[in-house]
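Have a look at the structure below, then the notes.
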Amino acid sequence: MEKLVVVIPAFNERENIDNLVNSLEKLAASFNEVRLKVVFVDDGSVDGTGEYFLERIKKSNVPFKVIFLSRNFGKDSAVRTGLGEEEGDYYVIVDADGQTPLSYIPLMYKKLKETGVEVCSACKRKEAYRFPRKFLSALFFFLVKLLKVKELRGGYSDFKLFTRKVRDCVLSSQERDMVVRNYIEWMKFPETTIEFIPVKSRKTSFSFSRLFFLGLKSIFYFSPVLLRFNFVLSAVFLLVALGYFGMGV
């Protein structure tokens with residue numbers, strides 16, 4: 001039987017742990033096609049997230065591994081840590097705050113197997129946020145389109161199920177500050193998608209400021225427009241420096 005590793009990065013998500021463990025128990029009970037293994041990565045939480053998850057998951061029949069990071073390294077570092085901690089045939093990334101419903105995972109696995117592709121991405125049918133955040137999200141993706149960042153698509157998130165081949169490519173990258181979901185998009189593996197309706201969590205540690213800086217990093221890493229601009233700017237500075245050097249000689 002094939003093995004599916006569920007990678008869950010978490011930072012200060014104690015309030016959402018009960019719902020998360022309940023969802024994992026339901027997933028394990030209803031998903032019989034593969035063996036599940038949960039890898040929970042506590043990304044330096046200060047509210048006892050990892051300890052409480054460990055306490056709750058021990059009472060279930062869900063196979064698990066809990067990783068405690070020494071400090072908050074960021075979500076993508078936590079994801080990469082989780083991907084590297086367990087060998088499996090397939091991997092799926094979910095959020096600890098409950099916004100990615102685990103009940104869609106069997107459908108994602110089935111569609112990936114039927115189509116023979118490497119990645120199944122879940123796309124939000126609608127946002128779970130109110131108008132201000134929806135407006136800012138629309139504005140952000142307008143900027144993304146303007147700057148020709150093809151690796152960022154509206155409605156898509158880290159909620160992806162993919163093969164070991166994709167996981168190995170992510171781990172083999174020398175880029176230590178990557179946005180994992182954008183890197184998977186950039187690799188252009190054959191992909192299929194499903195739609196889902198996100199659940200609005202009671203509380204999430206992924207604040208607007210963290211989303212903002214994540215968006216900026218994604219744009220600067222993947223925008224060909226900005227990359228060309230940086231190249232031209234660097235060339236100008238180099239010519240200026242050479243000019244001053246020639247004048248000095």
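Simple scheme: letters A, B, ... for chains in structure tokens order, numbers from 1 for residues in each chain, numbers from 1 for ligands in the order shown.
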>> List the spatial neighbours of A:Tyr109 as a list in words - criterion: any atom at most 9 Å away, only C-alpha atoms, same-chain residues fewer than 4 positions off excluded.
In response: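 The neighbour list is Glu33, Tyr90, Tyr104, Ile105, Lys113, Glu114, Cys120, Leu161 and Phe162 of chain A.
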>> Would you pick out the contacts of A:Arg164 at 12 Å or less, using only C-alpha atoms, so that residues sharing its chain but fewer than 3 positions from it are not included, and give the list as a VMD selection string?
In response: chain A and resid 2 to 5 83 to 84 86 to 92 117 to 119 161 167 to 171
> Taking into account only C-alpha atoms, which residue in the set A:Ile67, A:Ala78, A:Asp95, A:Arg125 is nearest to A:Val179?
Replying inline: A:Ala78
>> Report, in Å to a single decimal, how far apart atom CA of A:Lys75 and atom CA of A:Glu25 are.
In response: 23.8 Å
> Could you pull the residues within 6 Å of stretch 35-44 of chain A, counting only C-alpha atoms, minus those fewer than 4 positions along the same chain, as a list in words?
Replying inline: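 Once the adjacent positions are removed, what remains is Lys3, Leu4, Val5, Val6, Val7, Ile8, Pro9, Ala10, Phe11, Gly50, Pro63, Phe64, Lys65, Val66, Ile67, Phe68, Leu69, Ser70, Arg71, Asn72 and Gly82 of chain A.
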Polymer residues at most 12 Å from A:Lys59, only C-alpha atoms, same-chain spacing of 5 or more positions, as a JSON list (two decimals) with all heavy atoms, in the first residue's frame:
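Written out: part-v9.json:
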[["chain", "number", "residue", "atom", "x", "y", "z"],
["A", 18, "ASP", "N", -7.72, 21.22, 18.35],
["A", 18, "ASP", "CA", -8.81, 20.26, 18.53],
["A", 18, "ASP", "C", -9.51, 19.95, 17.21],
["A", 18, "ASP", "O", -9.74, 18.78, 16.87],
["A", 18, "ASP", "CB", -9.83, 20.78, 19.55],
["A", 18, "ASP", "CG", -9.30, 20.73, 20.99],
["A", 18, "ASP", "OD1", -8.52, 19.80, 21.29],
["A", 18, "ASP", "OD2", -9.64, 21.61, 21.79],
["A", 21, "VAL", "N", -7.09, 17.90, 14.87],
["A", 21, "VAL", "CA", -6.97, 16.48, 15.21],
["A", 21, "VAL", "C", -8.26, 15.73, 14.86],
["A", 21, "VAL", "O", -8.21, 14.59, 14.34],
["A", 21, "VAL", "CB", -6.61, 16.30, 16.69],
["A", 21, "VAL", "CG1", -6.65, 14.83, 17.08],
["A", 21, "VAL", "CG2", -5.22, 16.88, 16.97],
["A", 22, "ASN", "N", -9.40, 16.34, 15.10],
["A", 22, "ASN", "CA", -10.67, 15.72, 14.72],
["A", 22, "ASN", "C", -10.73, 15.46, 13.22],
["A", 22, "ASN", "O", -11.19, 14.40, 12.77],
["A", 22, "ASN", "CB", -11.85, 16.59, 15.16],
["A", 22, "ASN", "CG", -12.03, 16.64, 16.66],
["A", 22, "ASN", "OD1", -11.56, 15.74, 17.38],
["A", 22, "ASN", "ND2", -12.69, 17.66, 17.16],
["A", 25, "GLU", "N", -8.46, 12.54, 12.30],
["A", 25, "GLU", "CA", -9.09, 11.26, 12.66],
["A", 25, "GLU", "C", -10.13, 10.85, 11.62],
["A", 25, "GLU", "O", -10.20, 9.68, 11.22],
["A", 25, "GLU", "CB", -9.73, 11.37, 14.05],
["A", 25, "GLU", "CG", -8.72, 11.47, 15.18],
["A", 25, "GLU", "CD", -9.37, 11.71, 16.52],
["A", 25, "GLU", "OE1", -10.50, 12.26, 16.56],
["A", 25, "GLU", "OE2", -8.77, 11.34, 17.55],
["A", 52, "TYR", "N", 0.50, 20.66, 22.77],
["A", 52, "TYR", "CA", -0.92, 20.31, 22.83],
["A", 52, "TYR", "C", -1.31, 19.36, 21.69],
["A", 52, "TYR", "O", -2.10, 18.44, 21.87],
["A", 52, "TYR", "CB", -1.77, 21.58, 22.77],
["A", 52, "TYR", "CG", -3.25, 21.32, 22.99],
["A", 52, "TYR", "CD1", -3.68, 20.66, 24.14],
["A", 52, "TYR", "CD2", -4.20, 21.69, 22.05],
["A", 52, "TYR", "CE1", -5.03, 20.41, 24.36],
["A", 52, "TYR", "CE2", -5.55, 21.44, 22.25],
["A", 52, "TYR", "CZ", -5.95, 20.80, 23.41],
["A", 52, "TYR", "OH", -7.28, 20.52, 23.61],
["A", 53, "PHE", "N", -0.72, 19.58, 20.50],
["A", 53, "PHE", "CA", -0.98, 18.67, 19.39],
["A", 53, "PHE", "C", -0.51, 17.26, 19.77],
["A", 53, "PHE", "O", -1.21, 16.27, 19.51],
["A", 53, "PHE", "CB", -0.27, 19.14, 18.12],
["A", 53, "PHE", "CG", -0.45, 18.20, 16.97],
["A", 53, "PHE", "CD1", -1.59, 18.27, 16.18],
["A", 53, "PHE", "CD2", 0.52, 17.25, 16.66],
["A", 53, "PHE", "CE1", -1.77, 17.40, 15.11],
["A", 53, "PHE", "CE2", 0.36, 16.38, 15.60],
["A", 53, "PHE", "CZ", -0.80, 16.45, 14.82],
["A", 54, "LEU", "N", 0.67, 17.17, 20.36],
["A", 54, "LEU", "CA", 1.21, 15.87, 20.76],
["A", 54, "LEU", "C", 0.30, 15.19, 21.78],
["A", 54, "LEU", "O", 0.03, 13.98, 21.69],
["A", 54, "LEU", "CB", 2.61, 16.08, 21.35],
["A", 54, "LEU", "CG", 3.43, 14.83, 21.67],
["A", 54, "LEU", "CD1", 3.65, 14.00, 20.41],
["A", 54, "LEU", "CD2", 4.77, 15.24, 22.28],
["A", 64, "PHE", "N", 1.86, 9.49, 13.51],
["A", 64, "PHE", "CA", 2.32, 10.88, 13.52],
["A", 64, "PHE", "C", 3.79, 10.99, 13.86],
["A", 64, "PHE", "O", 4.42, 10.05, 14.38],
["A", 64, "PHE", "CB", 1.51, 11.70, 14.52],
["A", 64, "PHE", "CG", 1.80, 11.33, 15.95],
["A", 64, "PHE", "CD1", 2.79, 11.98, 16.67],
["A", 64, "PHE", "CD2", 1.10, 10.31, 16.58],
["A", 64, "PHE", "CE1", 3.07, 11.65, 17.99],
["A", 64, "PHE", "CE2", 1.37, 9.95, 17.90],
["A", 64, "PHE", "CZ", 2.36, 10.63, 18.60]]
